[in-house]
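Okay, so here's the structure we're looking at.
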Amino acid sequence: MKNKKLIIANWKMNPQTLKEAEALFNSVLNNASGYKNINIAVCPPFVYLELIQKLLKIGSYKLKVKLGAQDLFWENSGAYTGEISPRMLKNIGAEYAIIGHSERRWFLEENNEVVVKKLRAALDGGLKVILCVGEKERDDNYHKFVADQVNDVIKNVSVVKIKNLIIAYEPIWAIGSGISDNPKESAEMIMYIRKIVADKYNLKTAMNMKILYGGSVDSKNVKGFLKEDGIDGALVGGASLKAREFVKMLKIANNLKI
Ligand code: PGA
């Protein structure tokens with residue numbers, strides 16, 4: 001069952017100091033205390049994972065926040081300079097990992113082959129994967145573009161592991177642009193993605209899968225997305241870096257009547 005909305009903060013390459021990371025996270029924890037009707041995860045840069053994990057442990061906060069990573073490597077150990085393994089993430093307390101974010105796909109040229117390797121390693125390592133998909137532009141072929149991304153990846157996920165897969169539909173043109181999608185159009189795309197999952201697995205799997213929207217979500221538009229049938233939550237970049245704004249969004253999600 002997936003009645004609670006899932007809000008995931010993707011801090012990307014921010015903030016610049018440990019102190020700022022601590023202040024941001026503490027402010028969210030202190031001000032969103034007691035929001036029990038939502039699930040929350042925070043994906044900070046690797047270098048802050050330990051700090052966030054400690055802050056979660058030491059505080060007697062009523063807010064339950066899960067820890068996530070923004071990426072990982074597909075091997076668990078070895079001579080891979082600069083990489084971080086699924087096992088390291090699991091050992092530090094991470095539950096989620098974002099894979100296939102468009103910024104990595106386009107800036108670092110990560111293709112579906114790399115995405116699949118990472119996805120398999122993450123799922124085998126017991127992490128929940130947030131797989132990002134989304135079109136570059138809304139042209140005549142954008143459904144096919146997204147369908148290819150989904151199909152290429154999910155055909156490699158076993159029926160046992162599919163439960164740990166979350167999809168984030170993030171139109172690339174909406175990311176960081178301040179121009180979010182129309183919630184109805186996102187909901188339609190998310191239904192289309194569910195149909196692809198249903199065709200590969202079954203209807204129950206498709207309906208139980210969490211599918212989120214991401215791309216310029218903020219406190220002004222979050223309700224519109226979350227109210228749509230089939231949009232199970234939001235992946236939030238820029239707005240998650242402003243504690244007051246993020247808490248506002250969490251409050252809206254928490255108080256939503258669905
Ligand atoms: P944004 O980023 O909210 O800043 O558009 C979303 C994302 O990239 O996950």
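By convention in this document, the chains of the structure tokens carry letters A, B, ... by their order, each chain's residues are numbered from 1, and ligands are numbered from 1 in the order they are shown.
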Around ligand 1, out to 9 Å and counting only C-alpha atoms and all ligand atoms, which residues are there? I want them as an MDAnalysis selection string.
chainID A and resid 8:12 101:103 132 168 170 172:180 213:218 234:240
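For Leu29 (chain A), the list of residues within 12 Å, based on only C-alpha atoms and with local chain neighbours fewer than 5 positions off taken out, reads Glu22, Ala23, Leu24, Gly34, Tyr35, Ile40, Ala41, Val42, Ile52, Leu55, Leu56, Lys57, Ile58, Gly59, Ser60, Tyr61, Lys62, Leu63, Lys64, Val65, Lys66, Ala243, Arg244, Phe246, Val247 and Leu250 of chain A.
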Enter the distance from CA of Gly93 (chain A) to CA of Phe73 (chain A), in Å, rounded to one decimal.
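Interatomic distance here is 16.6 Å.
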Could you give me, as a list in words, the residues within 10 Å of Lys223 (chain A), counting only C-alpha atoms and dropping anything in the same chain fewer than 3 positions from it?
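My reading of the contact set: Pro183, Val217, Asp218, Ser219, Lys220, Leu226, Lys227, Glu228, Met249, Ile252, Ala253, Asn255 and Leu256 of chain A.
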Which residue out of A:Ile258, A:Ala121, A:Val116, A:Val159 has the minimum interatomic distance to Thr205 (chain A) when only C-alpha atoms are used?
A:Val159
Take CA of Ile98 (chain A) and CA of Leu131 (chain A) and report the distance between them in Å, one decimal.
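Taking CA of Ile98 (chain A) and CA of Leu131 (chain A), their separation equals 6.1 Å.
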Would you give me, as a ChimeraX atom specification, the residues in region 110-258 of chain A that DSSP reads as helix (DSSP H, G or I)?
/A:112-124,142-154,162-164,172-174,183-200,203-208,222-227,238-241,243-255
In terms of the shortest atom-to-atom distance over only C-alpha atoms, which of A:His143, A:Lys195, A:Lys257, A:Lys128 is closest to Asn164 (chain A)?
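Comparing A:His143, A:Lys195, A:Lys257, A:Lys128 against Asn164 (chain A), the winner is A:Lys128.
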Please give the complete set of residues from region 95-201 of chain A that DSSP, run on the backbone, assigns to strand (DSSP E), formatted as a PyMOL selection string.
chain A and resi 96-99+128-133+165-169
From the options A:Leu212, A:Val153, A:Ala21, A:Ala122, which residue's atoms come nearest to Leu241 (chain A), counting only C-alpha atoms?
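Of A:Leu212, A:Val153, A:Ala21, A:Ala122, the one nearest Leu241 (chain A) is A:Ala21, counting only C-alpha atoms.
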Contacts of region 200-204 of chain A at 10 Å (only C-alpha atoms; same-chain gap of 5+ positions) as a compact mmCIF listing (two decimals) with N, CA, C and O atoms, in the first residue's frame:
# COMPACT_ATOMS: atom_id res chain seq x y z
N ASN A 151 11.73 1.27 -20.47
CA ASN A 151 11.84 -0.11 -20.94
C ASN A 151 13.26 -0.64 -20.87
O ASN A 151 13.50 -1.75 -20.41
N ILE A 154 13.87 -1.19 -16.97
CA ILE A 154 13.10 -2.17 -16.17
C ILE A 154 13.19 -3.60 -16.70
O ILE A 154 12.97 -4.53 -15.95
N LYS A 155 13.55 -3.74 -17.95
CA LYS A 155 13.68 -5.13 -18.44
C LYS A 155 14.82 -5.85 -17.70
O LYS A 155 14.91 -7.06 -17.74
N SER A 158 14.55 -7.81 -11.80
CA SER A 158 13.80 -9.04 -11.56
C SER A 158 12.51 -8.73 -10.83
O SER A 158 12.38 -7.70 -10.18
N VAL A 159 11.60 -9.65 -10.91
CA VAL A 159 10.30 -9.47 -10.27
C VAL A 159 10.46 -9.33 -8.75
O VAL A 159 9.69 -8.63 -8.09
N ILE A 162 11.67 -5.57 -8.05
CA ILE A 162 10.89 -4.45 -8.58
C ILE A 162 10.22 -3.63 -7.47
O ILE A 162 10.00 -2.44 -7.60
N ARG A 194 3.16 3.73 -15.83
CA ARG A 194 2.56 2.59 -15.11
C ARG A 194 2.11 1.49 -16.08
O ARG A 194 2.21 0.30 -15.80
N LYS A 195 1.63 1.92 -17.24
CA LYS A 195 1.15 0.94 -18.22
C LYS A 195 2.34 0.11 -18.74
O LYS A 195 2.23 -1.09 -18.93
N MET A 209 3.70 0.54 -7.51
CA MET A 209 4.98 1.24 -7.67
C MET A 209 4.82 2.73 -7.36
O MET A 209 3.85 3.36 -7.80
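For the atom pair formed by CA of Lys248 (chain A) and CA of Gly224 (chain A), the distance is 14.3 Å, given to one decimal.
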Quick one: residues within 10 Å of Arg104 (chain A), only C-alpha atoms, excluding same-chain residues fewer than 6 positions away - as a list in words?
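Close residues of Arg104 (chain A): Gln70, Asp71, Glu110, Asn111 and Val115 of chain A.
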Could you check which of A:Met189, A:Asp152, A:Lys144, A:Ile166 is closest to Val114 (chain A), using only C-alpha atoms?
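For Val114 (chain A), the nearest of the given residues is A:Asp152.
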Shell around Asp229 (chain A) at 10 Å using only C-alpha atoms, local window under 5 positions removed, as a PyMOL selection string:
chain A and resi 184+187-188+190-191+258
Restricting the calculation to only C-alpha atoms: of A:Lys161, A:Pro171, A:Asn3, A:Lys19, which residue gets closest to Asp139 (chain A)?
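Answer, going by the shortest atom-to-atom distance: A:Pro171.
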Skip Ala97 (chain A) itself and residues of its chain fewer than 4 positions away, then list as a PyMOL selection string all residues within 10 Å of it, counting only C-alpha atoms.
chain A and resi 43+67-72+86+89-90+118-119+122-123+127-131
